[in-house]
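*Asks:* Next comes work-v8.txt, compact mmCIF, C-alpha atoms:
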# COMPACT_ATOMS: atom_id res chain seq x y z
CA MET A 7 16.84 -59.21 -26.54
CA SER A 8 13.05 -58.86 -26.88
CA ILE A 9 11.47 -56.69 -29.53
CA PRO A 10 9.98 -54.19 -26.99
CA GLU A 11 13.42 -53.79 -25.42
CA LYS A 12 14.97 -53.08 -28.84
CA VAL A 13 12.27 -50.49 -29.56
CA ARG A 14 12.86 -48.85 -26.20
CA ARG A 15 16.62 -48.60 -26.79
CA ILE A 16 16.16 -47.18 -30.27
CA TYR A 17 13.69 -44.62 -28.90
CA HIS A 18 16.06 -43.40 -26.18
CA SER A 19 19.17 -43.46 -28.39
CA THR A 20 17.60 -41.31 -31.07
CA GLU A 21 16.94 -37.73 -29.92
CA LEU A 22 14.76 -36.85 -32.87
CA ILE A 23 11.99 -39.30 -32.04
CA PRO A 24 11.10 -37.99 -28.55
CA LEU A 25 11.57 -34.39 -29.73
CA LEU A 26 9.22 -34.99 -32.65
CA LEU A 27 6.61 -36.59 -30.40
CA PHE A 28 6.96 -33.73 -27.88
CA SER A 29 6.48 -31.15 -30.66
CA LEU A 30 3.44 -32.90 -32.12
CA LYS A 31 1.86 -33.34 -28.70
CA TRP A 32 2.24 -29.68 -27.77
CA LEU A 33 1.33 -28.38 -31.20
CA PHE A 34 -2.00 -30.17 -30.76
CA ILE A 35 -2.59 -29.04 -27.17
CA ALA A 36 -1.34 -25.48 -27.74
CA SER A 37 -3.55 -25.15 -30.83
CA ILE A 38 -6.62 -25.89 -28.75
CA ILE A 39 -5.48 -23.48 -26.02
CA GLY A 40 -4.79 -20.80 -28.62
CA LEU A 41 -8.16 -21.21 -30.32
CA LEU A 42 -10.13 -21.08 -27.06
CA SER A 43 -8.07 -18.29 -25.49
CA GLY A 44 -8.16 -16.21 -28.68
CA ALA A 45 -11.93 -16.64 -28.94
CA ALA A 46 -12.34 -15.68 -25.26
CA SER A 47 -10.20 -12.56 -25.77
CA ALA A 48 -12.21 -11.61 -28.85
CA ILE A 49 -15.48 -11.87 -26.93
CA PHE A 50 -13.95 -9.89 -24.09
CA LEU A 51 -12.63 -7.11 -26.33
CA ILE A 52 -15.92 -6.80 -28.22
CA LEU A 53 -17.84 -6.52 -24.94
CA LEU A 54 -15.25 -4.09 -23.60
CA ASP A 55 -15.69 -1.82 -26.63
CA TRP A 56 -19.44 -1.90 -26.12
CA ALA A 57 -19.10 -1.08 -22.40
CA THR A 58 -16.71 1.79 -23.11
CA ASN A 59 -18.86 3.30 -25.86
CA TYR A 60 -22.01 3.03 -23.75
CA ARG A 61 -20.37 4.70 -20.76
CA GLU A 62 -18.99 7.54 -22.86
CA LEU A 63 -22.48 8.22 -24.23
CA ASN A 64 -24.11 7.88 -20.82
CA ASN A 65 -21.76 9.32 -18.22
CA TRP A 66 -24.54 9.32 -15.62
CA ILE A 67 -23.94 5.59 -15.23
CA ILE A 68 -20.74 6.31 -13.27
CA ALA A 69 -22.99 7.27 -10.33
CA LEU A 70 -23.81 3.55 -10.07
CA LEU A 71 -20.15 2.56 -9.68
CA PRO A 72 -20.56 1.82 -5.92
CA ILE A 73 -23.42 -0.61 -6.68
CA ALA A 74 -21.29 -2.23 -9.38
CA GLY A 75 -18.44 -2.56 -6.88
CA LEU A 76 -20.74 -4.16 -4.33
CA ALA A 77 -21.95 -6.65 -6.95
CA ILE A 78 -18.39 -7.57 -7.94
CA GLY A 79 -17.22 -7.83 -4.35
CA TYR A 80 -20.17 -9.94 -3.21
CA THR A 81 -19.91 -12.26 -6.23
CA TYR A 82 -16.25 -13.02 -5.53
CA TYR A 83 -16.91 -13.28 -1.80
CA SER A 84 -19.73 -15.78 -2.31
CA TYR A 85 -18.68 -17.72 -5.40
CA GLY A 86 -15.10 -16.83 -6.28
CA SER A 87 -13.04 -16.92 -3.10
CA ASP A 88 -10.90 -19.67 -4.63
CA VAL A 89 -10.03 -17.55 -7.70
CA VAL A 90 -9.83 -14.09 -6.16
CA LYS A 91 -6.02 -13.95 -6.39
CA GLY A 92 -6.21 -13.75 -10.18
CA ASN A 93 -2.84 -13.59 -11.94
CA ASN A 94 -1.00 -14.27 -8.71
CA GLN A 95 -2.87 -17.56 -8.38
CA LEU A 96 -1.61 -18.64 -11.80
CA LEU A 97 1.96 -17.73 -10.83
CA GLU A 98 1.66 -19.67 -7.57
CA GLU A 99 0.47 -22.75 -9.43
CA ILE A 100 3.46 -22.52 -11.79
CA HIS A 101 5.87 -22.34 -8.85
CA SER A 102 4.17 -24.91 -6.62
CA PRO A 103 1.39 -26.87 -8.32
CA LYS A 104 -1.34 -27.72 -5.80
CA GLN A 105 -4.77 -27.76 -7.38
CA MET A 106 -6.25 -27.07 -10.78
CA VAL A 107 -7.40 -23.51 -11.41
CA PRO A 108 -11.23 -23.55 -11.54
CA LEU A 109 -12.71 -22.76 -14.94
CA LYS A 110 -15.06 -20.28 -13.28
CA MET A 111 -12.11 -17.87 -13.05
CA ALA A 112 -12.66 -17.03 -16.74
CA PRO A 113 -16.35 -15.96 -16.67
CA LEU A 114 -15.99 -14.29 -13.27
CA VAL A 115 -13.08 -12.08 -14.28
CA LEU A 116 -14.60 -11.37 -17.70
CA CYS A 117 -17.95 -10.22 -16.29
CA SER A 118 -16.43 -8.26 -13.40
CA THR A 119 -13.98 -6.45 -15.70
CA ILE A 120 -16.76 -5.47 -18.12
CA ILE A 121 -18.80 -4.17 -15.17
CA THR A 122 -15.78 -2.23 -13.87
CA HIS A 123 -15.34 -0.49 -17.24
CA LEU A 124 -19.05 -0.02 -17.91
CA PHE A 125 -19.45 1.97 -14.70
CA GLY A 126 -16.21 3.95 -15.06
CA GLY A 127 -13.55 2.16 -13.05
CA SER A 128 -9.97 2.94 -14.05
CA ALA A 129 -8.59 -0.50 -14.91
CA GLY A 130 -7.04 -2.44 -17.78
CA ARG A 131 -7.61 -5.65 -19.71
CA GLU A 132 -4.42 -7.73 -19.64
CA GLY A 133 -5.21 -9.34 -16.29
CA THR A 134 -8.56 -10.52 -17.58
CA ALA A 135 -7.17 -12.08 -20.76
CA VAL A 136 -4.27 -13.75 -18.93
CA GLN A 137 -6.59 -15.20 -16.28
CA MET A 138 -8.99 -16.49 -18.92
CA GLY A 139 -6.16 -18.06 -20.89
CA GLY A 140 -4.59 -19.64 -17.82
CA SER A 141 -7.83 -21.05 -16.42
CA ILE A 142 -8.91 -22.42 -19.82
CA ALA A 143 -5.51 -24.05 -20.37
CA ASP A 144 -5.44 -25.67 -16.94
CA GLN A 145 -8.61 -27.65 -17.69
CA PHE A 146 -6.58 -29.84 -20.05
CA THR A 147 -4.62 -31.16 -17.09
CA LYS A 148 -7.40 -33.64 -16.39
CA ILE A 149 -8.54 -34.09 -19.96
CA PHE A 150 -5.09 -35.30 -21.05
CA ASN A 151 -4.07 -36.67 -17.63
CA LEU A 152 -0.91 -34.53 -17.54
CA HIS A 153 1.78 -34.47 -14.84
CA ASP A 154 2.75 -31.38 -12.84
CA ARG A 155 5.69 -30.60 -15.13
CA ASP A 156 3.32 -30.56 -18.11
CA ARG A 157 0.78 -28.53 -16.15
CA LYS A 158 3.32 -25.74 -15.82
CA LEU A 159 3.62 -25.71 -19.60
CA LEU A 160 -0.15 -25.50 -19.87
CA LEU A 161 -0.40 -22.51 -17.55
CA ILE A 162 2.46 -20.64 -19.24
CA SER A 163 0.94 -21.34 -22.66
CA GLY A 164 -2.46 -20.09 -21.54
CA MET A 165 -0.99 -16.90 -20.11
CA SER A 166 1.00 -16.32 -23.31
CA ALA A 167 -2.12 -16.88 -25.40
CA GLY A 168 -4.19 -14.45 -23.37
CA PHE A 169 -1.56 -11.72 -23.44
CA ALA A 170 -0.82 -12.14 -27.16
CA SER A 171 -4.44 -12.06 -28.25
CA VAL A 172 -5.59 -9.12 -26.14
CA PHE A 173 -2.84 -6.80 -27.45
CA GLY A 174 -2.13 -8.34 -30.87
CA THR A 175 1.52 -8.95 -29.96
CA PRO A 176 2.33 -12.69 -30.26
CA LEU A 177 6.10 -12.41 -29.68
CA ALA A 178 5.59 -10.28 -26.58
CA GLY A 179 2.92 -12.75 -25.45
CA LEU A 180 5.33 -15.66 -25.89
CA VAL A 181 8.07 -14.07 -23.80
CA PHE A 182 5.66 -12.62 -21.23
CA GLY A 183 4.51 -16.14 -20.33
CA LEU A 184 8.13 -17.32 -20.00
CA GLU A 185 9.37 -14.25 -18.13
CA VAL A 186 6.60 -13.12 -15.79
CA PHE A 187 6.78 -15.78 -13.07
CA LEU A 188 10.52 -15.29 -12.42
CA ALA A 189 11.96 -11.79 -11.99
CA GLY A 190 15.48 -11.88 -13.40
CA GLY A 191 15.12 -15.29 -15.03
CA THR A 192 13.13 -17.39 -17.45
CA ARG A 193 12.46 -21.02 -18.33
CA TYR A 194 12.66 -22.26 -21.90
CA THR A 195 10.92 -25.58 -21.30
CA ALA A 196 7.60 -24.00 -22.30
CA ILE A 197 8.91 -22.00 -25.26
CA LEU A 198 7.45 -24.25 -27.97
CA PRO A 199 3.88 -24.60 -26.65
CA ALA A 200 3.84 -20.94 -25.55
CA LEU A 201 4.82 -19.87 -29.07
CA PHE A 202 2.16 -22.02 -30.71
CA ALA A 203 -0.50 -20.87 -28.26
CA ALA A 204 0.40 -17.17 -28.64
CA LEU A 205 0.42 -17.27 -32.45
CA ILE A 206 -2.84 -19.18 -32.77
CA ALA A 207 -4.59 -17.08 -30.11
CA ASP A 208 -3.59 -13.87 -31.89
CA TRP A 209 -4.72 -15.27 -35.26
CA THR A 210 -8.02 -16.45 -33.79
CA CYS A 211 -8.75 -13.10 -32.16
CA ARG A 212 -8.03 -11.19 -35.37
CA SER A 213 -10.05 -13.68 -37.44
CA LEU A 214 -13.09 -12.93 -35.29
CA GLY A 215 -12.99 -9.30 -36.33
CA VAL A 216 -11.05 -7.69 -33.49
CA VAL A 217 -8.96 -4.71 -34.60
CA HIS A 218 -6.17 -3.64 -32.27
CA THR A 219 -5.17 -0.03 -31.69
CA VAL A 220 -2.36 1.22 -33.94
CA TYR A 221 0.30 3.65 -32.70
CA HIS A 222 2.86 5.54 -34.78
CA ILE A 223 6.31 6.99 -34.09
CA PRO A 224 6.92 8.97 -37.30
CA PHE A 225 10.48 10.11 -36.60
CA ILE A 226 13.38 8.28 -34.94
CA PRO A 227 16.56 10.34 -34.33
CA LYS A 228 19.99 9.00 -35.04
CA PHE A 229 21.30 6.75 -32.27
CA THR A 230 24.36 8.44 -30.75
CA PRO A 231 26.01 8.44 -27.31
CA ILE A 232 24.01 11.58 -26.47
CA THR A 233 20.62 10.19 -27.53
CA MET A 234 21.51 6.97 -25.72
CA LEU A 235 22.08 8.98 -22.54
CA TYR A 236 18.71 10.68 -23.02
CA ALA A 237 17.08 7.25 -23.28
CA VAL A 238 18.77 6.13 -20.05
CA VAL A 239 17.51 9.21 -18.19
CA ALA A 240 14.00 8.62 -19.51
CA GLY A 241 14.19 4.97 -18.46
CA LEU A 242 15.11 6.02 -14.94
CA PHE A 243 11.94 8.13 -14.67
CA PHE A 244 9.85 5.30 -16.11
CA GLY A 245 11.30 2.84 -13.61
CA LEU A 246 10.67 5.07 -10.62
CA THR A 247 7.11 5.65 -11.79
CA ALA A 248 6.56 1.89 -12.16
CA ARG A 249 7.80 1.40 -8.62
CA ALA A 250 5.53 4.18 -7.36
CA PHE A 251 2.51 2.57 -9.02
CA SER A 252 3.20 -0.83 -7.44
CA VAL A 253 3.81 0.66 -4.00
CA ILE A 254 0.73 2.90 -4.07
CA MET A 255 -1.59 0.18 -5.38
CA HIS A 256 -0.57 -2.24 -2.66
CA TRP A 257 -0.79 0.52 -0.06
CA PHE A 258 -4.42 1.09 -1.07
CA GLN A 259 -5.05 -2.67 -0.83
CA HIS A 260 -3.57 -2.72 2.66
CA GLN A 261 -5.58 0.29 3.81
CA PHE A 262 -8.87 -1.10 2.53
CA ALA A 263 -8.14 -4.46 4.14
CA ARG A 264 -7.27 -2.66 7.37
CA PHE A 265 -10.31 -0.39 7.65
CA VAL A 266 -13.01 -2.34 5.75
CA LYS A 267 -13.05 -5.84 7.22
CA THR A 268 -15.84 -7.16 4.98
CA PRO A 269 -14.19 -7.84 1.58
CA TYR A 270 -17.22 -7.24 -0.62
CA LEU A 271 -17.81 -3.80 0.88
CA ARG A 272 -14.35 -2.54 -0.16
CA PRO A 273 -15.23 -1.87 -3.83
CA PHE A 274 -18.56 -0.39 -2.68
CA PHE A 275 -16.89 2.30 -0.56
CA GLY A 276 -14.13 2.69 -3.12
CA GLY A 277 -16.75 3.16 -5.83
CA ILE A 278 -18.38 5.97 -3.85
CA ILE A 279 -15.09 7.86 -3.66
CA ILE A 280 -14.23 7.30 -7.35
CA ALA A 281 -17.71 8.33 -8.55
CA ALA A 282 -17.58 11.46 -6.40
CA LEU A 283 -14.18 12.45 -7.76
CA PHE A 284 -15.31 11.91 -11.35
CA TYR A 285 -18.34 14.10 -10.66
CA PHE A 286 -16.10 17.02 -9.68
CA ILE A 287 -13.16 16.62 -12.10
CA GLY A 288 -14.78 14.84 -15.05
CA THR A 289 -14.33 11.37 -16.52
CA ARG A 290 -10.99 11.93 -18.26
CA TYR A 291 -9.38 9.07 -16.29
CA ALA A 292 -12.22 6.55 -16.43
CA GLY A 293 -11.78 3.22 -18.22
CA LEU A 294 -8.85 2.35 -20.45
CA GLY A 295 -8.06 5.86 -21.70
CA ILE A 296 -7.12 4.76 -25.23
CA PRO A 297 -7.99 8.15 -26.84
CA LEU A 298 -5.63 9.96 -24.47
CA ILE A 299 -2.89 7.38 -25.07
CA LYS A 300 -3.14 8.03 -28.81
CA GLN A 301 -3.18 11.78 -28.16
CA ALA A 302 0.04 11.49 -26.15
CA PHE A 303 1.84 10.46 -29.35
CA VAL A 304 0.89 13.61 -31.29
CA GLU A 305 0.49 16.64 -29.00
CA PRO A 306 1.51 17.94 -25.57
CA LEU A 307 -0.73 16.96 -22.66
CA PRO A 308 -1.16 18.34 -19.12
CA TYR A 309 1.70 17.37 -16.82
CA TYR A 310 -0.67 15.91 -14.23
CA ASP A 311 -2.30 13.31 -16.51
CA PHE A 312 0.08 10.51 -15.60
CA ILE A 313 -0.14 11.26 -11.87
CA LEU A 314 -3.93 11.25 -11.72
CA LYS A 315 -4.26 8.14 -13.88
CA LEU A 316 -1.75 6.40 -11.61
CA LEU A 317 -3.74 7.33 -8.51
CA PHE A 318 -7.14 6.45 -9.98
CA THR A 319 -5.95 3.07 -11.25
CA ALA A 320 -4.10 2.18 -8.06
CA PHE A 321 -7.18 3.14 -6.06
CA THR A 322 -9.62 1.27 -8.36
CA LEU A 323 -7.66 -1.98 -8.21
CA GLY A 324 -6.64 -1.49 -4.60
CA CYS A 325 -10.24 -1.33 -3.40
CA GLY A 326 -11.18 -4.53 -5.18
CA PHE A 327 -12.45 -3.76 -8.68
CA LYS A 328 -11.32 -6.22 -11.37
CA GLY A 329 -9.30 -5.66 -14.52
CA GLY A 330 -5.69 -5.47 -15.56
CA GLU A 331 -2.98 -2.98 -14.81
CA VAL A 332 -1.30 -2.93 -18.20
CA THR A 333 -3.35 -0.53 -20.31
CA PRO A 334 -3.44 2.03 -17.47
CA LEU A 335 0.34 1.58 -17.24
CA PHE A 336 0.49 2.27 -21.00
CA PHE A 337 -1.48 5.46 -20.31
CA ILE A 338 0.79 6.44 -17.41
CA GLY A 339 3.95 5.74 -19.39
CA ALA A 340 2.84 7.46 -22.59
CA THR A 341 1.67 10.62 -20.81
CA LEU A 342 4.81 10.69 -18.67
CA GLY A 343 6.95 10.37 -21.80
CA ASN A 344 4.88 13.15 -23.31
CA ILE A 345 5.87 15.63 -20.58
CA LEU A 346 9.50 14.50 -20.48
CA THR A 347 9.96 16.33 -23.78
CA PHE A 348 10.19 19.52 -21.72
CA PHE A 349 13.73 18.59 -20.63
CA ILE A 350 14.73 15.50 -22.65
CA PRO A 351 15.36 16.53 -26.28
CA LEU A 352 13.89 13.46 -27.98
CA PRO A 353 10.79 13.45 -30.22
CA LEU A 354 7.49 13.53 -28.34
CA SER A 355 6.11 10.42 -30.04
CA LEU A 356 9.30 8.46 -29.34
CA LEU A 357 9.29 9.33 -25.64
CA ALA A 358 5.57 8.47 -25.46
CA GLY A 359 6.28 5.09 -27.07
CA MET A 360 9.23 4.43 -24.78
CA GLY A 361 7.13 5.22 -21.72
CA PHE A 362 4.23 3.18 -23.07
CA VAL A 363 6.18 -0.08 -22.73
CA ALA A 364 8.88 0.85 -20.20
CA VAL A 365 6.60 1.64 -17.25
CA PHE A 366 4.94 -1.72 -17.76
CA ALA A 367 8.39 -3.36 -18.02
CA GLY A 368 9.33 -1.92 -14.63
CA ALA A 369 6.04 -2.76 -12.96
CA SER A 370 5.87 -6.35 -14.28
CA ASN A 371 9.62 -7.13 -14.29
CA THR A 372 9.38 -8.30 -17.91
CA PRO A 373 11.87 -6.15 -19.85
CA ILE A 374 12.39 -8.55 -22.77
CA ALA A 375 8.66 -9.07 -23.37
CA CYS A 376 8.08 -5.31 -23.26
CA THR A 377 10.95 -4.64 -25.66
CA LEU A 378 9.41 -7.09 -28.11
CA MET A 379 6.03 -5.45 -27.61
CA GLY A 380 7.57 -2.12 -28.52
CA LEU A 381 9.03 -3.60 -31.69
CA GLU A 382 5.71 -5.18 -32.65
CA LEU A 383 3.72 -2.01 -31.98
CA PHE A 384 6.09 0.75 -33.13
CA GLY A 385 8.50 -0.92 -35.57
CA ILE A 386 12.11 -2.02 -35.40
CA GLU A 387 13.45 1.49 -36.09
CA SER A 388 12.74 2.49 -32.50
CA GLY A 389 14.17 -0.74 -31.12
CA LEU A 390 17.34 0.55 -29.47
CA PHE A 391 15.55 3.35 -27.64
CA ILE A 392 12.74 1.02 -26.58
CA ALA A 393 15.20 -1.60 -25.28
CA ILE A 394 17.20 0.92 -23.24
CA ALA A 395 14.06 2.40 -21.71
CA CYS A 396 12.63 -1.01 -20.79
CA ILE A 397 15.84 -2.38 -19.30
CA VAL A 398 16.68 0.76 -17.31
CA ALA A 399 13.08 0.94 -16.06
CA TYR A 400 13.31 -2.70 -15.01
CA ILE A 401 16.48 -1.98 -13.02
CA PHE A 402 15.22 1.16 -11.30
CA SER A 403 11.82 -0.28 -10.36
CA GLY A 404 13.73 -2.35 -7.80
CA HIS A 405 12.32 -5.48 -6.18
CA SER A 406 8.74 -4.31 -6.45
CA GLY A 407 6.00 -5.16 -8.89
CA ILE A 408 2.32 -5.63 -9.62
CA TYR A 409 2.54 -9.43 -9.29
CA GLY A 410 3.15 -10.29 -5.66
CA SER A 411 3.67 -14.01 -6.34
CA GLN A 412 6.53 -13.33 -8.75
CA ILE A 413 9.76 -14.95 -7.49
CA ILE A 414 13.12 -13.16 -7.56
CA GLU A 415 15.32 -15.54 -9.54
CA ILE A 416 18.35 -13.26 -9.85
CA PRO A 417 18.46 -10.01 -7.79
CA LYS A 418 18.89 -6.77 -9.69
CA HIS A 419 21.99 -5.98 -7.62
CA ALA A 420 24.36 -8.19 -5.65
CA LEU A 421 23.62 -6.05 -2.58
CA PHE A 422 20.15 -7.62 -2.50
CA GLY A 423 21.28 -11.22 -2.79
CA ARG A 424 19.17 -12.13 0.24
CA HIS A 425 16.07 -11.52 -1.90
CA SER A 426 16.91 -14.43 -4.21
CA GLY A 427 14.19 -17.09 -4.13
CA LYS A 428 11.71 -14.81 -2.34
CA SER A 429 8.44 -13.50 -3.73
CA ILE A 430 7.69 -9.83 -4.34
CA GLN A 431 4.98 -10.08 -1.70
CA GLY A 432 7.40 -11.64 0.79
CA ILE A 433 9.91 -8.84 0.25
CA ARG A 434 7.14 -6.28 0.63
CA GLU A 435 6.11 -7.79 3.97
CA GLU A 436 9.72 -7.82 5.18
CA ARG A 437 10.03 -4.10 4.41
CA SER A 438 6.77 -3.29 6.20
CA ASN A 439 8.02 -5.05 9.34
CA VAL A 440 11.27 -3.12 9.49
What does this structure look like when you write it as structure tokens?

*Replies:*
Amino acid sequence: MSIPEKVRRIYHSTELIPLLLFSLKWLFIASIIGLLSGAASAIFLILLDWATNYRELNNWIIALLPIAGLAIGYTYYSYGSDVVKGNNQLLEEIHSPKQMVPLKMAPLVLCSTIITHLFGGSAGREGTAVQMGGSIADQFTKIFNLHDRDRKLLLISGMSAGFASVFGTPLAGLVFGLEVFLAGGTRYTAILPALFAALIADWTCRSLGVVHTVYHIPFIPKFTPITMLYAVVAGLFFGLTARAFSVIMHWFQHQFARFVKTPYLRPFFGGIIIAALFYFIGTRYAGLGIPLIKQAFVEPLPYYDFILKLLFTAFTLGCGFKGGEVTPLFFIGATLGNILTFFIPLPLSLLAGMGFVAVFAGASNTPIACTLMGLELFGIESGLFIAIACIVAYIFSGHSGIYGSQIIEIPKHALFGRHSGKSIQGIREERSNV
């Protein structure tokens, strides 16, 4: 037997050697992804703070929102038609790898999101960070000459890194990358690189001076069958609200596509409507809405806050402005939880925290990631209530969601077994044809 043959047999007969090489390889690659994604998120968050502060000091700038929308729409129409799908494009490449995600996705979505917030659009930030992380990570496909199976690991790691760094929640970022592309399922093949990328991205972002918002739930009641039932009821409301957001946002997208045939004019006309509404009712629902989210944890708010934020965000994203859905969903969930105290006898701050993560869990079909996010943001003491709210919201949001390219791995009920293997978008189209 030749020496190379002996080496080959030893290599394949000893599990530790290939596992060690796999770990070292992905520790190296994921470290680079984490550093770059974390730095990109830091730059994004610093610019976002500047844009928000400037707009709040100069509310007149909201009158220019239609021009900002036209600029965003025309830029994507002319230079970004191959990256316009955003997060859904990343999910599609994980399911069926076809072509590398262009690096231009990162600067395009960063600049367009900053413009959206600067001029008062109601949008979030998660989508931007995830797209930047995914597009940055995918560039290493060519650099390291990786196969399709490794490319999936790259994309998942980049998405985990972006999510972890933009919210300061590395465990939630890890699981979000593993959970988001399959509703009702997950894949552990990327768990090691996704973990490394999420941890390093979060560390990098914090090291560059970014300070994440802190939320407090000062009192957690004793967990009993009664309080558990209260949490289930709250989760039901959060799930139905998540479903409503997804349905309304995609309805706005459909209506704009139906009546405004030129894509880059959609955010222009949408911007006119949004700016006009803000002129009459004020700018309470512009931008991220972080101050109101924090307020929802400490004092009662108007019952209509969550409804109007839902409509403004669904309209903003539906007409073509760029940004994420998550922080607005935090706003919607926290303010909804805030008003649920009128008939659910749980502490206001606890219900706000439950809604904060549960509405997002229902809209994104990522209940485990959102439960971990709740633990990282609010502490383990609230864990049981957070988990119940997220899981029940996930169930009652049905086969809907903000990510149309998400595939149903395991249906939420056996009655809907025919949905297995179909995308959220495909199910949505089937319903519209009935």

*Asks:* CA of Ser37 (chain A) to CA of Leu205 (chain A): how many Å, to one decimal?

*Replies:*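 Between CA of Ser37 (chain A) and CA of Leu205 (chain A) the gap works out to 9.0 Å.
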
*Asks:* Take CA of Trp32 (chain A) and CA of Gln412 (chain A) and report the distance between them in Å, one decimal.

*Replies:* 25.4 Å

*Asks:* Box for region 65-84 of chain A - axis-aligned, 5 Å on each of the six sides, all listed atoms - centre and size in Å to one decimal, as lines of an AutoDock Vina configuration file.

*Replies:*
center_x = -20.4
center_y = -3.2
center_z = -10.0
size_x = 18.3
size_y = 35.1
size_z = 26.4

*Asks:* For region 268-358 of chain A versus region 234-255 of chain A, which residues have an atom no more than 7 Å away, and what is each residue's nearest atom pair and distance in Å rounded to one decimal, using all atoms listed in the file, chain-then-number order, as a Markdown table?

*Replies:*
| residue | atom | partner | partner_atom | distance |
| --- | --- | --- | --- | --- |
| A:Leu316 | CA | A:Phe251 | CA | 6.3 |
| A:Ala320 | CA | A:Met255 | CA | 4.2 |
| A:Phe321 | CA | A:Met255 | CA | 6.4 |
| A:Gly324 | CA | A:Met255 | CA | 5.4 |
| A:Gly339 | CA | A:Phe244 | CA | 6.8 |
| A:Ile350 | CA | A:Tyr236 | CA | 6.3 |

*Asks:* Counting only C-alpha atoms, which residue out of A:Leu198, A:Leu184, A:Val89, A:Leu378 sits closest to Lys31 (chain A)?

*Replies:*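 Ranking A:Leu198, A:Leu184, A:Val89, A:Leu378 by distance to Lys31 (chain A), first place goes to A:Leu198.
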
*Asks:* Any idea what's packed within 7 Å of Gly139 (chain A), counting all atoms listed in the file, ignoring anything in its chain fewer than 3 positions away? Could you give it as JSON, numbers by chain?

*Replies:* {"A": [43, 135, 136, 142, 143, 164, 165, 167, 168]}

*Asks:* Pick from A:Thr147, A:Gln105, A:Thr122, A:Thr210: nearest to Asp88 (chain A), with all atoms listed in the file counted?

*Replies:* A:Gln105

*Asks:* For Glu132 (chain A), which residue among A:Ala170, A:Ala48, A:Met360, A:Leu317 is the nearest when counting all atoms listed in the file?

*Replies:* A:Ala170

*Asks:* Between CA of Asn344 (chain A) and CA of Gly288 (chain A), what is the distance, to one decimal in Å?

*Replies:*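 Atom-to-atom, CA of Asn344 (chain A) and CA of Gly288 (chain A) are spaced 21.4 Å apart.
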
*Asks:* Between A:Ala69, A:Leu180, A:Cys325, A:Ala282, which has the minimum distance to Gln259 (chain A) (counting only C-alpha atoms)?

*Replies:*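 For Gln259 (chain A), the nearest of the candidates is A:Cys325.
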
*Asks:* Write out as CSV the residues of region 49-162 of chain A that have any atom within 7 Å of an atom of region 294-302 of chain A, one row each with the nearest atom pair and its distance in Å to one decimal, counting all atoms listed in the file, sorted by chain and then rising number.

*Replies:*
residue,atom,partner,partner_atom,distance
A:Ser128,CA,A:Leu294,CA,6.5
A:Ala129,CA,A:Leu294,CA,6.2
A:Gly130,CA,A:Leu294,CA,5.8

*Asks:* Could you check which of A:Leu51, A:Ala200, A:Ile35, A:Ile73 is closest to Gly277 (chain A), using all atoms listed in the file?

*Replies:*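 Closest to Gly277 (chain A), using all atoms listed in the file: A:Ile73.
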
*Asks:* Tell me which of A:Lys110, A:Arg131, A:Arg272, A:Arg155 sits closest to Leu76 (chain A), counting all atoms listed in the file.

*Replies:*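 Smallest distance to Leu76 (chain A) is found for A:Arg272.
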
*Asks:* Any idea what's packed within 10 Å of Phe50 (chain A), counting all atoms listed in the file, ignoring anything in its chain fewer than 6 positions away? Could you give it as a list of chain:residue names?

*Replies:*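 Here the qualifying residues turn out to be A:Gly44, A:Trp56, A:Pro113, A:Leu116, A:Cys117, A:Thr119, A:Ile120, A:Arg131, A:Thr134, A:Ala135, A:Met138, A:Val172.
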